[in-house]
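S.K.: Quick one: the structure is below, questions incoming.
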Amino acid sequence: MTTILDKIIAEKKKEVAKLKETYQSGSIQAKRVHHSLYETCMQSNRMNIIAEMKRASPSKGVINDGVEPAEQGALYEKSGASAISVLTDQPFFKGTIEDMLAVREVVDIPLLNKDFIIDEVQIDRAYDAGANLILLIAAALPESRLQALYNYATNKGLEILFEVHNEEELEVAKRIGAKIIGVNNRDLKTFEVDLAVTERLAKLIDSTTTLLVSESGIKVKEDVERVARAGARAILVGETMMRSRDVKSTFDDLRILLGE
Ligand SMILES: O=C(O)c1ccccc1NCC(=O)[C@H](O)[C@H](O)COP(=O)(O)O
């Protein structure tokens, strides 16, 4: 059975083939901000929110097509975001690299380039566009490629959010040496969302040395309390932020004190 992730990766291969022909490393030069998400989150006593710029998604269709990235990014920073995740995939999420550039111009917090990274050229572009972090998805590539991309990004001074959804993928994350592990509560094959995935995998993660980020399906304070109890120090929140009519109060609700 062809899954949505298979379809996304197939499209990404075509996009990357074009990018390799057209993109010259250094041809974009955005402002560089030197902040470590890992350090920020490990030191903070509040739940860290990575707020996402997400116009649309395969599971939900259009979420917020009219968003203005610079305005929304500035609002996220002002409201207390620890980082901003910018989706740059066009075919499935309606994002672009210009969204990253627009956000980088107006904020000084770390930026995650949320895309389906399969090649070094995407890492070069993410860096040039002002990203501090990239996403690597365990389910998307063989371990040897994940390790190569992990090393490449680390050598450029980027941090890596390494995304897993089950025990086997978590083992890969550990072998690769991931310091920031994102447990995606959404099954990228079925779209089923279940916060119990964070609870189950968190038991296998040493949260004193690894930053655990719980990703997807977080809507209300009770969800945050649940993943915080499991050991998450950060949450990645897309749809809830993009649909919120009062982003500041959504942050106030979700930025709970840790260890309570
Ligand atoms: O969101 C989707 O439908 C999706 C489908 C296929 C691959 C990835 C997908 N989402 C990427 C994400 O990980 C989420 O955007 C992120 O965790 C935020 O999730 P949410 O708060 O539920 O919008």
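In the structure tokens, each chain is lettered A, B, ... as it comes, each chain's residues begin at 1, and ligands are numbered from 1 in order of appearance.
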Quick one: residues within 7 Å of region 18-34 of chain A, only C-alpha atoms counted, chain neighbours fewer than 4 positions away excluded, as a list in words?
M.R.: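 Everything that qualifies: Lys14, Leu101, Arg104, Glu105, Asp108, Val121, Asp124, Arg125, Asp128, Ala129 and Gly130 of chain A.
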S.K.: Just want the 9 Å neighbourhood of Pro69 (chain A), counted on only C-alpha atoms, with same-chain residues fewer than 3 positions away dropped. Output as a list in words.
M.R.: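 Here the qualifying residues turn out to be Met53, Gln72, Gly73, Ala74, Val86, Asp99, Met100, Ala102 and Val103 of chain A.
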S.K.: Could you give me the residues within 7 Å of ligand 1, counting only C-alpha atoms and all ligand atoms, as a PyMOL selection string?
M.R.: chain A and resi 4-5+52+54+57-60+184+188+191+215-218+236-240
S.K.: So which one's closest to Gly61 (chain A), A:Tyr76, A:Phe93, A:Tyr38, A:Phe116? Using only C-alpha atoms, please.
M.R.: A:Phe93
S.K.: Please identify which residues in region 32-122 of chain A DSSP calls helix (DSSP H, G or I) from the backbone, and express them as a PyMOL selection string.
M.R.: chain A and resi 37-43+69-79+97-106+120-122
S.K.: Kindly save the residues from that selection, with C-alpha atoms included, as a compact mmCIF listing (two decimals), in the first residue's frame.
M.R.:
```
# COMPACT_ATOMS: atom_id res chain seq x y z
CA LEU A 37 16.89 25.13 21.11
CA TYR A 38 18.33 22.25 23.12
CA GLU A 39 19.92 24.60 25.69
CA THR A 40 16.86 26.87 25.87
CA CYS A 41 14.48 23.98 26.49
CA MET A 42 16.68 22.05 28.92
CA GLN A 43 17.04 25.19 31.08
CA PRO A 69 4.13 34.53 7.81
CA ALA A 70 6.01 37.59 9.10
CA GLU A 71 3.00 38.79 11.10
CA GLN A 72 2.26 35.32 12.51
CA GLY A 73 5.96 34.69 13.27
CA ALA A 74 6.28 37.97 15.16
CA LEU A 75 3.13 37.12 17.10
CA TYR A 76 4.52 33.69 18.03
CA GLU A 77 7.76 35.23 19.29
CA LYS A 78 5.95 37.93 21.28
CA SER A 79 3.62 35.33 22.80
CA ILE A 97 11.23 28.82 1.46
CA GLU A 98 10.11 32.47 1.18
CA ASP A 99 7.99 31.85 4.29
CA MET A 100 11.20 31.01 6.20
CA LEU A 101 12.91 34.13 4.93
CA ALA A 102 9.96 36.31 5.87
CA VAL A 103 9.87 34.91 9.41
CA ARG A 104 13.65 35.10 9.85
CA GLU A 105 13.58 38.81 9.01
CA VAL A 106 11.35 39.61 11.95
CA GLU A 120 22.27 17.78 1.52
CA VAL A 121 21.12 20.52 -0.87
CA GLN A 122 17.99 21.03 1.23
```
S.K.: Return the single residue from A:Ser85, A:Asn45, A:Thr96, A:Thr190 that is closest to Leu161 (chain A), with distances computed using only C-alpha atoms.
M.R.: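 Closest candidate: A:Ser85.
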S.K.: Restricting the calculation to only C-alpha atoms, which member of A:Ala173, A:Ala178, A:Ile49, A:Ile134 is positioned closest to Asp253 (chain A)?
M.R.: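 Counting only C-alpha atoms, the residue closest to Asp253 (chain A) is A:Ile49.
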S.K.: With a distance cut-off of 9 Å and only C-alpha atoms, select the neighbouring residues of His165 (chain A), excluding the residue or stretch itself and same-chain residues fewer than 4 positions from it, and output the selection as a VMD selection string.
M.R.: chain A and resid 138 to 139 169 to 170 182 to 188 197 to 198 201
S.K.: Restrict the selected residues to C-alpha atoms and save them as a CSV table (one decimal), in the first residue's frame.
M.R.:
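Output below, filename again16.csv:
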```
chain,number,residue,atom,x,y,z
A,138,ALA,CA,13.2,8.2,10.8
A,139,ALA,CA,10.5,6.6,8.6
A,169,GLU,CA,12.7,4.3,15.0
A,170,LEU,CA,13.7,5.4,18.5
A,182,GLY,CA,10.5,14.4,18.4
A,183,VAL,CA,7.9,11.8,19.1
A,184,ASN,CA,5.2,12.3,16.5
A,185,ASN,CA,1.8,11.4,17.9
A,186,ARG,CA,0.5,11.3,14.4
A,187,ASP,CA,1.0,8.1,12.4
A,188,LEU,CA,2.1,9.4,9.0
A,197,VAL,CA,2.6,7.3,21.6
A,198,THR,CA,4.6,10.0,23.6
A,201,LEU,CA,8.2,6.1,24.0
```
S.K.: If you run DSSP on the backbone here, which positions in region 18-244 of chain A get strand (DSSP E)? Please write them as a ChimeraX atom specification.
M.R.: /A:48-53,56-57,61-62,83-87,111-114,133-137,159-164,180-184,211-215,234-237
S.K.: Which polymer residues have any atom within 10 Å of an atom of Asp119 (chain A), counting only C-alpha atoms, with same-chain residues fewer than 6 positions away left out, as a VMD selection string?
M.R.: chain A and resid 12 to 13 16 to 17 19 to 20 145 to 146 148 to 149 152
S.K.: Let me make sure I understand: among A:Gly177, A:Lys189, A:Ile235, A:Leu141, which one has the smallest atom-to-atom distance to Thr210 (chain A) if we use only C-alpha atoms?
M.R.: A:Gly177
S.K.: Find the residues around Arg226 (chain A) up to 10 Å (only C-alpha atoms counted), leave out those fewer than 4 positions away in its own chain, and share them as number ranges by chain.
M.R.: A: 195-196, 198-199, 218, 221-222, 230-232
S.K.: Using only C-alpha atoms, can you tell me which of A:Ser244, A:Thr154, A:Asn48, A:Thr88 comes closest to Lys179 (chain A)?
M.R.: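 Closest residue, counting only C-alpha atoms: A:Thr154.
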S.K.: Give me, please, the distance in Å between CA of Leu112 (chain A) and CA of Ala83 (chain A), quoted to one decimal.
M.R.: 7.2 Å
S.K.: Between CA of Ser82 (chain A) and CA of Gly259 (chain A), what is the spacing in Å?
M.R.: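 For CA of Gly259 (chain A) relative to CA of Ser82 (chain A), the distance reads 18.1 Å.
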